[in-house]
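Trainee: Contents are CSV, C-alpha atoms and all ligand atoms; file name my_file_31.csv:
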```
chain,number,residue,atom,x,y,z
X,18,MET,CA,26.1,-31.1,122.1
X,19,GLU,CA,28.4,-28.5,123.4
X,20,TYR,CA,27.4,-24.8,123.6
X,21,ARG,CA,29.4,-21.6,123.2
X,22,HIS,CA,28.8,-17.9,123.8
X,23,LEU,CA,27.9,-15.9,120.8
X,24,GLY,CA,31.0,-13.7,120.7
X,25,ARG,CA,31.3,-11.8,124.0
X,26,SER,CA,27.6,-11.7,124.5
X,27,GLY,CA,25.7,-13.6,127.2
X,28,LEU,CA,23.8,-15.6,124.6
X,29,MET,CA,24.7,-19.3,124.4
X,30,VAL,CA,24.3,-21.1,121.1
X,31,SER,CA,24.8,-24.8,120.1
X,32,GLU,CA,28.3,-25.0,118.6
X,33,ILE,CA,26.7,-26.8,115.6
X,34,SER,CA,23.6,-25.1,114.3
X,35,TYR,CA,21.2,-26.0,111.6
X,36,GLY,CA,20.6,-23.8,108.5
X,37,ASN,CA,18.0,-24.1,105.8
X,38,TRP,CA,19.4,-22.4,102.7
X,39,ILE,CA,18.8,-24.2,99.4
X,40,THR,CA,16.9,-27.0,101.3
X,41,HIS,CA,13.6,-25.8,102.9
X,42,GLY,CA,11.0,-24.6,100.5
X,43,SER,CA,13.2,-25.6,97.6
X,44,GLN,CA,15.4,-28.7,97.2
X,45,VAL,CA,13.6,-30.9,99.8
X,46,GLU,CA,9.9,-31.6,100.5
X,47,GLU,CA,8.4,-30.4,103.7
X,48,ASP,CA,8.4,-33.9,105.3
X,49,ALA,CA,12.2,-34.2,104.9
X,50,ALA,CA,12.6,-30.6,106.2
X,51,VAL,CA,10.6,-31.4,109.3
X,52,GLU,CA,12.5,-34.6,109.9
X,53,CYS,CA,15.9,-32.8,109.7
X,54,VAL,CA,14.7,-30.2,112.2
X,55,ARG,CA,13.5,-32.9,114.5
X,56,ALA,CA,16.8,-34.8,114.2
X,57,ALA,CA,18.6,-31.5,115.0
X,58,LEU,CA,16.5,-30.9,118.1
X,59,ASP,CA,17.0,-34.5,119.2
X,60,GLU,CA,20.8,-34.1,118.9
X,61,GLY,CA,20.8,-31.0,121.0
X,62,ILE,CA,21.0,-28.4,118.3
X,63,THR,CA,19.2,-25.3,119.6
X,64,THR,CA,20.3,-22.7,117.1
X,65,PHE,CA,18.6,-22.4,113.7
X,66,ASP,CA,19.6,-20.0,110.9
X,67,THR,CA,17.5,-18.8,108.0
X,68,ALA,CA,17.0,-15.7,105.9
X,69,ASP,CA,14.1,-13.7,104.5
X,70,VAL,CA,15.4,-14.4,101.0
X,71,TYR,CA,15.8,-18.2,101.2
X,72,ALA,CA,13.5,-19.9,98.7
X,73,GLY,CA,11.8,-16.6,98.1
X,74,THR,CA,10.7,-16.4,101.8
X,75,ARG,CA,9.3,-19.9,101.9
X,76,ALA,CA,12.3,-21.2,103.9
X,77,GLU,CA,11.3,-19.1,106.9
X,78,GLU,CA,7.7,-20.4,106.6
X,79,VAL,CA,8.9,-24.1,106.6
X,80,LEU,CA,11.2,-23.5,109.6
X,81,GLY,CA,8.4,-21.7,111.5
X,82,ARG,CA,6.1,-24.7,111.0
X,83,ALA,CA,8.8,-27.2,111.8
X,84,LEU,CA,9.6,-25.5,115.1
X,85,LYS,CA,6.0,-25.0,116.1
X,86,GLY,CA,5.3,-26.3,119.6
X,87,VAL,CA,8.9,-26.2,120.7
X,88,ARG,CA,9.5,-24.1,123.8
X,89,ARG,CA,10.6,-20.8,122.5
X,90,GLU,CA,13.1,-20.2,125.3
X,91,SER,CA,14.9,-23.4,124.3
X,92,LEU,CA,15.7,-22.1,120.8
X,93,GLU,CA,17.9,-19.4,119.2
X,94,ILE,CA,16.4,-18.4,115.9
X,95,PHE,CA,18.5,-16.3,113.6
X,96,THR,CA,17.4,-14.6,110.4
X,97,LYS,CA,18.8,-12.0,108.0
X,98,VAL,CA,17.9,-9.0,105.8
X,99,TYR,CA,19.4,-7.4,102.6
X,100,TRP,CA,18.8,-9.5,99.5
X,101,PRO,CA,15.6,-8.8,97.5
X,102,THR,CA,12.4,-10.2,98.9
X,103,GLY,CA,10.1,-8.7,96.2
X,104,GLU,CA,10.1,-6.7,93.0
X,105,GLY,CA,9.8,-3.3,94.6
X,106,LYS,CA,12.7,-0.8,94.7
X,107,ASN,CA,12.6,-0.9,98.5
X,108,ASP,CA,12.2,-4.6,98.9
X,109,ARG,CA,16.0,-4.9,99.3
X,110,GLY,CA,19.0,-3.5,101.1
X,111,LEU,CA,19.5,-2.1,104.6
X,112,SER,CA,17.4,1.0,104.5
X,113,ARG,CA,15.3,1.8,107.6
X,114,LYS,CA,12.2,1.1,105.5
X,115,HIS,CA,13.2,-2.3,104.3
X,116,ILE,CA,14.6,-3.4,107.6
X,117,THR,CA,11.4,-2.4,109.4
X,118,GLU,CA,9.2,-4.2,106.9
X,119,SER,CA,11.4,-7.2,106.5
X,120,ILE,CA,11.6,-8.1,110.2
X,121,ASN,CA,7.8,-8.0,110.4
X,122,GLY,CA,7.6,-10.5,107.5
X,123,SER,CA,10.2,-12.7,109.1
X,124,LEU,CA,8.4,-12.8,112.4
X,125,ARG,CA,5.1,-13.6,110.8
X,126,ARG,CA,6.6,-16.4,108.7
X,127,LEU,CA,8.6,-17.8,111.6
X,128,GLN,CA,5.6,-17.6,113.9
X,129,THR,CA,7.5,-15.9,116.7
X,130,ASP,CA,7.4,-12.5,118.5
X,131,TYR,CA,11.2,-12.0,118.3
X,132,VAL,CA,14.3,-13.4,116.7
X,133,ASP,CA,17.4,-14.0,118.8
X,134,LEU,CA,19.8,-12.6,116.2
X,135,TYR,CA,19.1,-10.3,113.2
X,136,GLN,CA,21.9,-10.2,110.6
X,137,ALA,CA,22.7,-7.8,107.8
X,138,HIS,CA,23.1,-10.4,105.1
X,139,ARG,CA,25.7,-8.2,103.2
X,140,PHE,CA,27.0,-4.6,103.4
X,141,ASP,CA,24.7,-2.1,101.6
X,142,VAL,CA,26.7,0.5,99.8
X,143,GLU,CA,23.6,2.5,99.1
X,144,THR,CA,22.5,3.1,102.8
X,145,PRO,CA,24.4,5.2,105.3
X,146,LEU,CA,25.7,2.8,108.0
X,147,GLU,CA,24.2,5.0,110.7
X,148,GLU,CA,20.7,4.6,109.2
X,149,THR,CA,21.1,0.8,109.3
X,150,LEU,CA,22.5,0.7,112.8
X,151,ARG,CA,19.9,3.0,114.2
X,152,ALA,CA,17.1,0.9,112.5
X,153,PHE,CA,18.6,-2.3,114.0
X,154,ASP,CA,18.9,-0.6,117.4
X,155,ASP,CA,15.2,0.4,117.2
X,156,LEU,CA,14.3,-3.2,116.6
X,157,VAL,CA,16.2,-4.2,119.7
X,158,ARG,CA,14.4,-1.5,121.8
X,159,GLN,CA,11.1,-2.8,120.4
X,160,GLY,CA,11.9,-6.3,121.5
X,161,LYS,CA,11.6,-7.8,118.0
X,162,VAL,CA,15.3,-8.6,117.9
X,163,LEU,CA,17.6,-9.5,120.8
X,164,TYR,CA,21.0,-9.3,119.2
X,165,VAL,CA,22.4,-7.8,115.9
X,166,GLY,CA,25.1,-9.1,113.7
X,167,VAL,CA,26.3,-9.1,110.1
X,168,SER,CA,27.2,-11.5,107.4
X,169,GLU,CA,30.2,-11.4,105.0
X,170,TRP,CA,31.3,-8.0,106.0
X,171,SER,CA,35.0,-7.1,105.7
X,172,ALA,CA,37.1,-6.2,108.7
X,173,ASP,CA,37.0,-2.5,107.7
X,174,GLN,CA,33.1,-2.5,107.4
X,175,ILE,CA,32.8,-4.2,110.8
X,176,ALA,CA,35.2,-1.7,112.4
X,177,ARG,CA,33.3,1.3,111.0
X,178,ALA,CA,30.0,-0.1,112.3
X,179,LEU,CA,31.5,-0.6,115.8
X,180,LYS,CA,32.8,2.9,115.9
X,181,ILE,CA,29.4,4.4,115.0
X,182,ALA,CA,27.6,2.2,117.5
X,183,ASP,CA,30.0,3.3,120.2
X,184,GLU,CA,29.7,7.0,119.4
X,185,MET,CA,25.9,6.9,119.1
X,186,GLY,CA,25.2,4.4,121.9
X,187,PHE,CA,23.6,1.9,119.6
X,188,ASP,CA,23.5,-1.8,120.3
X,189,ARG,CA,26.9,-3.4,119.3
X,190,LEU,CA,27.3,-6.1,116.7
X,191,VAL,CA,27.8,-9.5,118.4
X,192,SER,CA,28.5,-11.7,115.4
X,193,ASN,CA,29.6,-12.1,111.8
X,194,GLN,CA,28.4,-14.9,109.5
X,195,PRO,CA,31.2,-15.7,107.0
X,196,GLN,CA,31.9,-18.6,104.7
X,197,TYR,CA,34.6,-20.7,106.5
X,198,SER,CA,35.9,-24.2,105.8
X,199,MET,CA,39.1,-26.1,105.3
X,200,LEU,CA,39.0,-24.8,101.7
X,201,TRP,CA,37.8,-21.2,102.3
X,202,ARG,CA,39.9,-19.4,105.0
X,203,VAL,CA,39.6,-15.8,103.9
X,204,ILE,CA,38.5,-14.5,107.3
X,205,GLU,CA,41.6,-15.7,109.1
X,206,SER,CA,44.0,-12.8,108.4
X,207,GLU,CA,41.8,-9.7,109.0
X,208,VAL,CA,38.2,-10.5,110.1
X,209,VAL,CA,39.0,-12.9,112.9
X,210,PRO,CA,41.7,-10.8,114.6
X,211,LEU,CA,39.4,-7.8,114.6
X,212,CYS,CA,36.4,-9.8,115.9
X,213,GLU,CA,38.5,-11.4,118.6
X,214,LYS,CA,39.6,-8.0,119.8
X,215,GLU,CA,36.1,-6.5,119.6
X,216,GLY,CA,34.1,-9.5,121.0
X,217,LEU,CA,32.3,-10.7,117.9
X,218,GLY,CA,31.9,-14.4,117.3
X,219,GLN,CA,31.8,-16.1,113.9
X,220,ILE,CA,28.8,-18.2,112.9
X,221,VAL,CA,30.3,-19.9,109.9
X,222,TRP,CA,28.4,-21.1,106.8
X,223,SER,CA,29.2,-24.0,104.5
X,224,PRO,CA,31.6,-25.7,106.9
X,225,ILE,CA,31.4,-28.8,104.7
X,226,ALA,CA,31.8,-26.7,101.6
X,227,GLN,CA,28.2,-27.5,100.6
X,228,GLY,CA,28.9,-31.3,100.7
X,229,VAL,CA,32.2,-31.2,98.8
X,230,LEU,CA,34.3,-32.0,102.0
X,231,THR,CA,32.3,-35.2,102.6
X,232,GLY,CA,34.3,-36.6,99.7
X,233,LYS,CA,31.1,-37.8,97.9
X,234,TYR,CA,31.9,-35.9,94.7
X,235,LEU,CA,34.5,-37.9,92.8
X,236,PRO,CA,36.9,-36.2,90.3
X,237,GLY,CA,35.9,-36.9,86.7
X,238,GLN,CA,32.6,-38.5,87.7
X,239,PRO,CA,29.0,-37.3,87.6
X,240,PRO,CA,27.7,-36.1,91.0
X,241,PRO,CA,25.6,-38.6,93.0
X,242,ALA,CA,21.8,-38.4,92.3
X,243,GLY,CA,19.9,-36.1,94.5
X,244,SER,CA,23.0,-34.2,95.8
X,245,ARG,CA,23.2,-30.4,95.8
X,246,ALA,CA,25.4,-30.5,92.6
X,247,THR,CA,22.3,-32.0,90.8
X,248,ASP,CA,19.8,-29.5,92.2
X,249,SER,CA,18.8,-26.7,89.8
X,250,THR,CA,19.4,-23.9,92.4
X,251,GLY,CA,22.2,-25.6,94.4
X,252,SER,CA,24.4,-26.5,91.5
X,253,GLY,CA,24.8,-22.8,90.7
X,254,PHE,CA,26.4,-22.3,94.1
X,255,ILE,CA,28.4,-25.5,94.5
X,256,ASN,CA,29.9,-25.5,91.0
X,257,ARG,CA,32.8,-23.3,91.7
X,258,LEU,CA,34.1,-25.9,94.2
X,259,MET,CA,33.6,-28.8,91.9
X,260,ARG,CA,37.0,-28.6,90.2
X,261,ASP,CA,38.9,-31.8,89.7
X,262,ASP,CA,42.0,-30.5,91.5
X,263,VAL,CA,39.9,-29.7,94.6
X,264,LEU,CA,38.0,-33.0,94.5
X,265,ARG,CA,41.2,-35.0,94.1
X,266,ARG,CA,42.8,-33.4,97.2
X,267,VAL,CA,39.6,-33.9,99.2
X,268,GLN,CA,39.8,-37.6,98.5
X,269,ASP,CA,43.3,-37.5,100.0
X,270,LEU,CA,41.7,-36.4,103.3
X,271,LYS,CA,40.0,-39.7,103.7
X,272,PRO,CA,42.8,-41.6,105.4
X,273,ILE,CA,43.2,-38.7,107.9
X,274,ALA,CA,39.5,-38.9,108.8
X,275,ALA,CA,39.6,-42.7,109.0
X,276,ASP,CA,42.6,-42.7,111.3
X,277,LEU,CA,40.7,-40.4,113.7
X,278,GLY,CA,37.5,-42.6,113.5
X,279,LEU,CA,35.6,-39.6,112.0
X,280,SER,CA,33.5,-39.3,108.9
X,281,MET,CA,34.7,-36.8,106.4
X,282,ALA,CA,31.8,-34.5,107.3
X,283,GLN,CA,32.7,-34.7,111.0
X,284,LEU,CA,36.3,-33.8,110.2
X,285,ALA,CA,35.2,-30.8,108.2
X,286,VAL,CA,32.9,-29.5,111.0
X,287,ALA,CA,35.4,-30.3,113.7
X,288,TRP,CA,38.1,-28.3,111.8
X,289,VAL,CA,36.1,-25.0,111.8
X,290,LEU,CA,35.3,-25.5,115.5
X,291,GLN,CA,39.0,-25.6,116.4
X,292,ASN,CA,39.1,-21.8,115.8
X,293,PRO,CA,38.1,-20.3,119.2
X,294,ASN,CA,36.5,-17.3,117.5
X,295,VAL,CA,33.9,-19.6,115.9
X,296,SER,CA,30.8,-19.5,118.0
X,297,SER,CA,28.9,-22.0,115.8
X,298,ALA,CA,29.2,-24.0,112.6
X,299,ILE,CA,25.9,-23.9,110.6
X,300,VAL,CA,25.4,-27.2,108.8
X,301,GLY,CA,22.8,-27.8,106.2
X,302,ALA,CA,21.2,-31.2,105.5
X,303,THR,CA,18.7,-32.8,103.1
X,304,LYS,CA,18.3,-36.0,105.2
X,305,PRO,CA,18.1,-36.6,109.0
X,306,GLU,CA,21.0,-39.1,108.8
X,307,GLN,CA,23.3,-36.2,107.6
X,308,VAL,CA,22.3,-34.2,110.7
X,309,ARG,CA,23.1,-37.2,112.9
X,310,ASP,CA,26.5,-37.6,111.2
X,311,ASN,CA,27.5,-34.0,111.4
X,312,VAL,CA,26.6,-33.4,115.1
X,313,LYS,CA,29.2,-36.0,116.2
X,314,ALA,CA,31.8,-33.3,115.4
X,315,THR,CA,30.9,-31.6,118.6
X,316,GLY,CA,33.6,-31.6,121.2
X,317,VAL,CA,36.2,-33.2,118.9
X,318,LYS,CA,39.7,-31.9,119.3
X,319,LEU,CA,42.2,-32.0,116.4
X,320,ASP,CA,45.8,-31.8,117.4
X,321,ALA,CA,48.5,-29.8,115.7
X,322,GLU,CA,49.8,-32.8,113.8
X,323,VAL,CA,46.4,-33.5,112.3
X,324,LEU,CA,45.9,-29.9,111.3
X,325,LYS,CA,49.3,-29.9,109.6
X,326,LYS,CA,48.5,-33.1,107.7
X,327,ILE,CA,45.3,-31.4,106.5
X,328,ASP,CA,47.2,-28.3,105.4
X,329,ASP,CA,49.8,-30.4,103.6
X,330,VAL,CA,47.0,-32.1,101.6
X,331,LEU,CA,44.9,-29.0,100.8
X,332,GLU,CA,47.4,-26.1,100.6
X,333,PRO,CA,47.4,-25.6,96.8
X,334,VAL,CA,43.6,-25.3,96.7
X,335,VAL,CA,42.9,-23.3,99.9
X,336,GLU,CA,41.6,-19.8,99.4
X,337,ARG,CA,43.0,-17.2,101.8
X,338,ASP,CA,42.7,-13.8,100.2
X,339,PRO,CA,40.8,-11.5,102.5
X,340,ALA,CA,39.8,-9.4,99.5
X,341,LYS,CA,37.4,-12.3,98.7
X,342,THR,CA,35.0,-11.0,101.4
X,343,VAL,CA,32.9,-8.8,99.2
X,344,SER,CA,29.4,-7.4,99.1
X,345,PRO,CA,27.7,-6.3,95.9
X,346,SER,CA,29.0,-3.0,94.5
X,347,SER,CA,25.4,-1.8,94.1
X,348,ARG,CA,22.2,-3.0,95.5
X,349,PRO,CA,20.9,-6.2,93.9
X,401,LIG,N1,25.2,-15.8,105.3
X,401,LIG,C1,25.3,-16.3,104.1
X,401,LIG,O1,25.6,-15.6,103.1
X,401,LIG,C2,25.1,-17.7,103.9
X,401,LIG,C3,25.4,-18.4,102.7
X,401,LIG,C4,25.2,-19.7,102.6
X,401,LIG,C5,24.8,-20.5,103.7
X,401,LIG,N2,24.5,-19.8,104.9
X,401,LIG,C6,24.0,-20.5,106.0
X,401,LIG,O2,24.8,-21.7,106.3
X,401,LIG,C7,24.0,-22.8,106.3
X,401,LIG,C8,24.7,-24.0,105.8
X,401,LIG,O3,25.2,-23.8,104.5
X,401,LIG,P1,25.4,-25.1,103.6
X,401,LIG,O4,24.1,-25.8,103.5
X,401,LIG,O5,26.1,-24.7,102.4
X,401,LIG,O6,26.4,-26.0,104.5
X,401,LIG,P2,27.1,-27.3,104.4
X,401,LIG,O7,26.9,-28.0,105.8
X,401,LIG,O8,28.5,-27.0,104.0
X,401,LIG,O9,26.5,-28.2,103.3
X,401,LIG,C9,25.2,-28.8,103.5
X,401,LIG,C10,24.9,-29.7,102.4
X,401,LIG,O10,25.9,-30.7,102.2
X,401,LIG,C11,25.3,-32.0,102.1
X,401,LIG,N3,25.7,-32.8,103.4
X,401,LIG,C12,25.6,-32.3,104.6
X,401,LIG,N4,26.0,-33.2,105.5
X,401,LIG,C13,26.3,-34.3,104.8
X,401,LIG,C14,26.7,-35.6,105.2
X,401,LIG,N5,26.9,-35.9,106.4
X,401,LIG,N6,27.0,-36.5,104.2
X,401,LIG,C15,26.8,-36.2,102.9
X,401,LIG,N7,26.3,-35.0,102.5
X,401,LIG,C16,26.1,-34.0,103.4
X,401,LIG,C17,23.8,-31.8,102.0
X,401,LIG,O11,23.5,-31.6,100.6
X,401,LIG,P3,23.0,-32.7,99.6
X,401,LIG,O12,22.4,-33.9,100.4
X,401,LIG,O13,22.0,-32.1,98.7
X,401,LIG,O14,24.3,-33.1,98.8
X,401,LIG,C18,23.6,-30.5,102.7
X,401,LIG,O15,22.5,-29.8,102.3
X,401,LIG,C19,22.8,-22.4,105.4
X,401,LIG,O16,21.6,-23.2,105.6
X,401,LIG,C20,22.5,-21.0,105.9
X,401,LIG,O17,21.9,-21.0,107.1
X,401,LIG,C21,24.7,-18.5,105.0
```
Here is a file; write its structure as structure tokens.
Ligand SMILES: NC(=O)c1ccc[n+]([C@@H]2O[C@H](COP(=O)([O-])OP(=O)(O)OC[C@H]3O[C@@H](n4cnc5c(N)ncnc54)[C@H](OP(=O)(O)O)[C@@H]3O)[C@@H](O)[C@H]2O)c1

Mentor:
Amino acid sequence: MEYRHLGRSGLMVSEISYGNWITHGSQVEEDAAVECVRAALDEGITTFDTADVYAGTRAEEVLGRALKGVRRESLEIFTKVYWPTGEGKNDRGLSRKHITESINGSLRRLQTDYVDLYQAHRFDVETPLEETLRAFDDLVRQGKVLYVGVSEWSADQIARALKIADEMGFDRLVSNQPQYSMLWRVIESEVVPLCEKEGLGQIVWSPIAQGVLTGKYLPGQPPPAGSRATDSTGSGFINRLMRDDVLRRVQDLKPIAADLGLSMAQLAVAWVLQNPNVSSAIVGATKPEQVRDNVKATGVKLDAEVLKKIDDVLEPVVERDPAKTVSPSSRP
């Protein structure tokens, strides 16, 4: 496994990290979850990403149990706050109250005294940015959080946050967590240039497009049993990618991967890692074999000719519009 700095910070992360959205506490049983975490550790993954909201807070509990006994200094544990974690009017968003309460819940469930990175899961239009950034900064001072970042914020939102942090002397954002894959490139025109200039790294999610870029979903055919597209929760998220035009073009990537001696999943993960602003690609997995497959993308270099071939195959189905980076227009 190769390791990269998280943005311009001193923190090193594994360039492939493991995330537990949809899987832990939901799609997979605890045994499978623990096996995936063990496989990740065995393969040199040290960075683990979760969120308070995943599986209604159960995902953090499962990860906490799976990592129990591992030397804390050898891990980077990331979690997030914003989406509702309860029925109450304050169990959501980025107010000082919810941030303060949510981190305490996350630390308890993860069985740790601090998280390495705390991320605003979306932009909260109903809280002044200064309130959120001051609350984050307080958590850093309290030692509950070592670094702060955001997820799915637009370039403009990130720029506003950096300006306030610089004016007020708050801890600066070190990272953004956007969706990024061969199929979803909306960060390339605005978010990445700003982050390169300001020293934020991208920790990218769904680099395999939730499994679509493995080529296992065939156009016009039902999804394989047990895959995310058959999961009651997962299907709601993957369905927008399950269009025949997308699935057909993904099949056309198979000879490119084969020529390179890579699996399709490895090609997908290697592709996002070619972007130097990417600090880590977060992969998900329902089986330890998937983890072992995906990690072999570490250190793989794709030359310009290969990147061009991929673009030629996918161009009509690639999404590039920066306006697709959106947070809810009111609190969920
Ligand atoms: N910040 C955000 O808003 C946000 C949003 C989403 C995700 N995330 C983060 O990003 C992480 C990864 O997201 P993701 O799970 O969508 O990523 P992904 O790596 O694109 O997809 C993972 C899923 O694809 C399938 N898969 C993975 N490797 C495979 C392989 N080698 N062969 C065949 N199938 C394979 C598995 O599902 P099946 O076996 O069920 O098919 C697996 O659960 C999450 O856990 C979370 O930490 C963040």

Trainee: With distances taken over only C-alpha atoms and all ligand atoms, which residue among X:Met199, X:Ala152, X:Leu258, X:Val300 lies nearest ligand LIG 401 (chain X)?

Mentor: X:Val300

Trainee: Could you list, as a VMD selection string, all residues that come within 8 Å of ligand LIG 401 (chain X)? Count only C-alpha atoms and all ligand atoms.

Mentor: chain X and resid 35 to 40 44 65 to 68 97 138 to 139 168 to 169 194 to 196 221 to 231 233 243 to 248 251 280 to 283 299 to 304 306 to 311

Trainee: Which polymer residues have any atom within 7 Å of an atom of Leu200 in chain X, counting only C-alpha atoms, with same-chain residues fewer than 6 positions away left out, as a JSON list (two decimals) with C-alpha atoms, in the coordinates of the input?

Mentor:
```json
[["chain", "number", "residue", "atom", "x", "y", "z"],
["X", 334, "VAL", "CA", 43.60, -25.30, 96.70],
["X", 335, "VAL", "CA", 42.90, -23.30, 99.90],
["X", 336, "GLU", "CA", 41.60, -19.80, 99.40]]
```

Trainee: If you count only C-alpha atoms, which residues fall within 7 Å of Pro339 in chain X, apart from same-chain ones fewer than 5 positions away, as a CSV table (one decimal) with C-alpha atoms, in the coordinates of the input?

Mentor:
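The resulting result.csv:
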```csv
chain,number,residue,atom,x,y,z
X,203,VAL,CA,39.6,-15.8,103.9
X,204,ILE,CA,38.5,-14.5,107.3
X,206,SER,CA,44.0,-12.8,108.4
X,207,GLU,CA,41.8,-9.7,109.0
```

Trainee: Counting all atoms listed in the file, figure out which residue out of X:Tyr20, X:Phe254, X:Tyr71, X:Tyr135 gets nearest to Leu163 in chain X.

Mentor: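 Of all the options, X:Tyr135 lies closest to Leu163 in chain X.
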
Trainee: Residues near Leu84 in chain X, anyone? I mean within 10 Å using all atoms listed in the file, not counting same-chain ones fewer than 4 positions away, as an mmCIF file with C-alpha atoms, in the frame of the given file.

Mentor:
```cif
data_model
loop_
_atom_site.group_PDB
_atom_site.id
_atom_site.type_symbol
_atom_site.label_atom_id
_atom_site.label_comp_id
_atom_site.auth_asym_id
_atom_site.auth_seq_id
_atom_site.Cartn_x
_atom_site.Cartn_y
_atom_site.Cartn_z
ATOM 1 C CA VAL X 51 10.600 -31.400 109.300
ATOM 2 C CA VAL X 54 14.700 -30.200 112.200
ATOM 3 C CA ARG X 55 13.500 -32.900 114.500
ATOM 4 C CA LEU X 58 16.500 -30.900 118.100
ATOM 5 C CA PHE X 65 18.600 -22.400 113.700
ATOM 6 C CA VAL X 79 8.900 -24.100 106.600
ATOM 7 C CA LEU X 80 11.200 -23.500 109.600
ATOM 8 C CA ARG X 88 9.500 -24.100 123.800
ATOM 9 C CA ARG X 89 10.600 -20.800 122.500
ATOM 10 C CA LEU X 92 15.700 -22.100 120.800
ATOM 11 C CA ILE X 94 16.400 -18.400 115.900
ATOM 12 C CA LEU X 127 8.600 -17.800 111.600
ATOM 13 C CA GLN X 128 5.600 -17.600 113.900
ATOM 14 C CA THR X 129 7.500 -15.900 116.700
#
```

Trainee: Using only C-alpha atoms, collect all residues at a distance of at most 12 Å from (26.0, -9.6, 108.9) as written in the file, then present them as a PyMOL selection string.

Mentor: chain X and resi 68+95-100+111+134-141+149-150+153+164-172+174-175+178+190-196+217-222+342-344

Trainee: One number please: CA of Leu146 in chain X to CA of Gln159 in chain X, in Å, one decimal.

Mentor: 20.0 Å

Trainee: May I ask for the distance between CA of Glu205 in chain X and CA of Ser297 in chain X, given in Å to one decimal place?

Mentor: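 Value for the CA of Glu205 in chain X-CA of Ser297 in chain X distance: 15.7 Å.
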
Trainee: In Å, rounded to a single decimal, give me how far CA of His115 in chain X is from CA of Ser249 in chain X.

Mentor: 28.9 Å

Trainee: X:His41, X:Arg260, X:Arg75, X:Lys325: which is nearest Thr102 in chain X, counting only C-alpha atoms?

Mentor: X:Arg75

Trainee: Quick one: of X:Leu211, X:Ala285, X:Val70, X:Leu156, who's nearest to Lys271 in chain X, counting all atoms listed in the file?

Mentor: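 Smallest separation from Lys271 in chain X among the options: X:Ala285.
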
Trainee: Which one of X:Gly186, X:Gly253, X:Pro241, X:Pro210 sits closest to Asp173 in chain X if you count only C-alpha atoms?

Mentor: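 For Asp173 in chain X, the nearest of the candidates is X:Pro210.
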
Trainee: Nearest to Glu118 in chain X: which of X:Arg82, X:Lys161, X:Lys313, X:His22 is it, counting all atoms listed in the file?

Mentor: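 For Glu118 in chain X, the nearest of the given residues is X:Lys161.
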
Trainee: Excluding same-chain residues fewer than 5 positions from Ala321 in chain X, what lies within 12 Å of it counting only C-alpha atoms, as a list in words?

Mentor: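 Here the answer would be Trp288, Gln291, Lys326, Ile327 and Asp328 of chain X.
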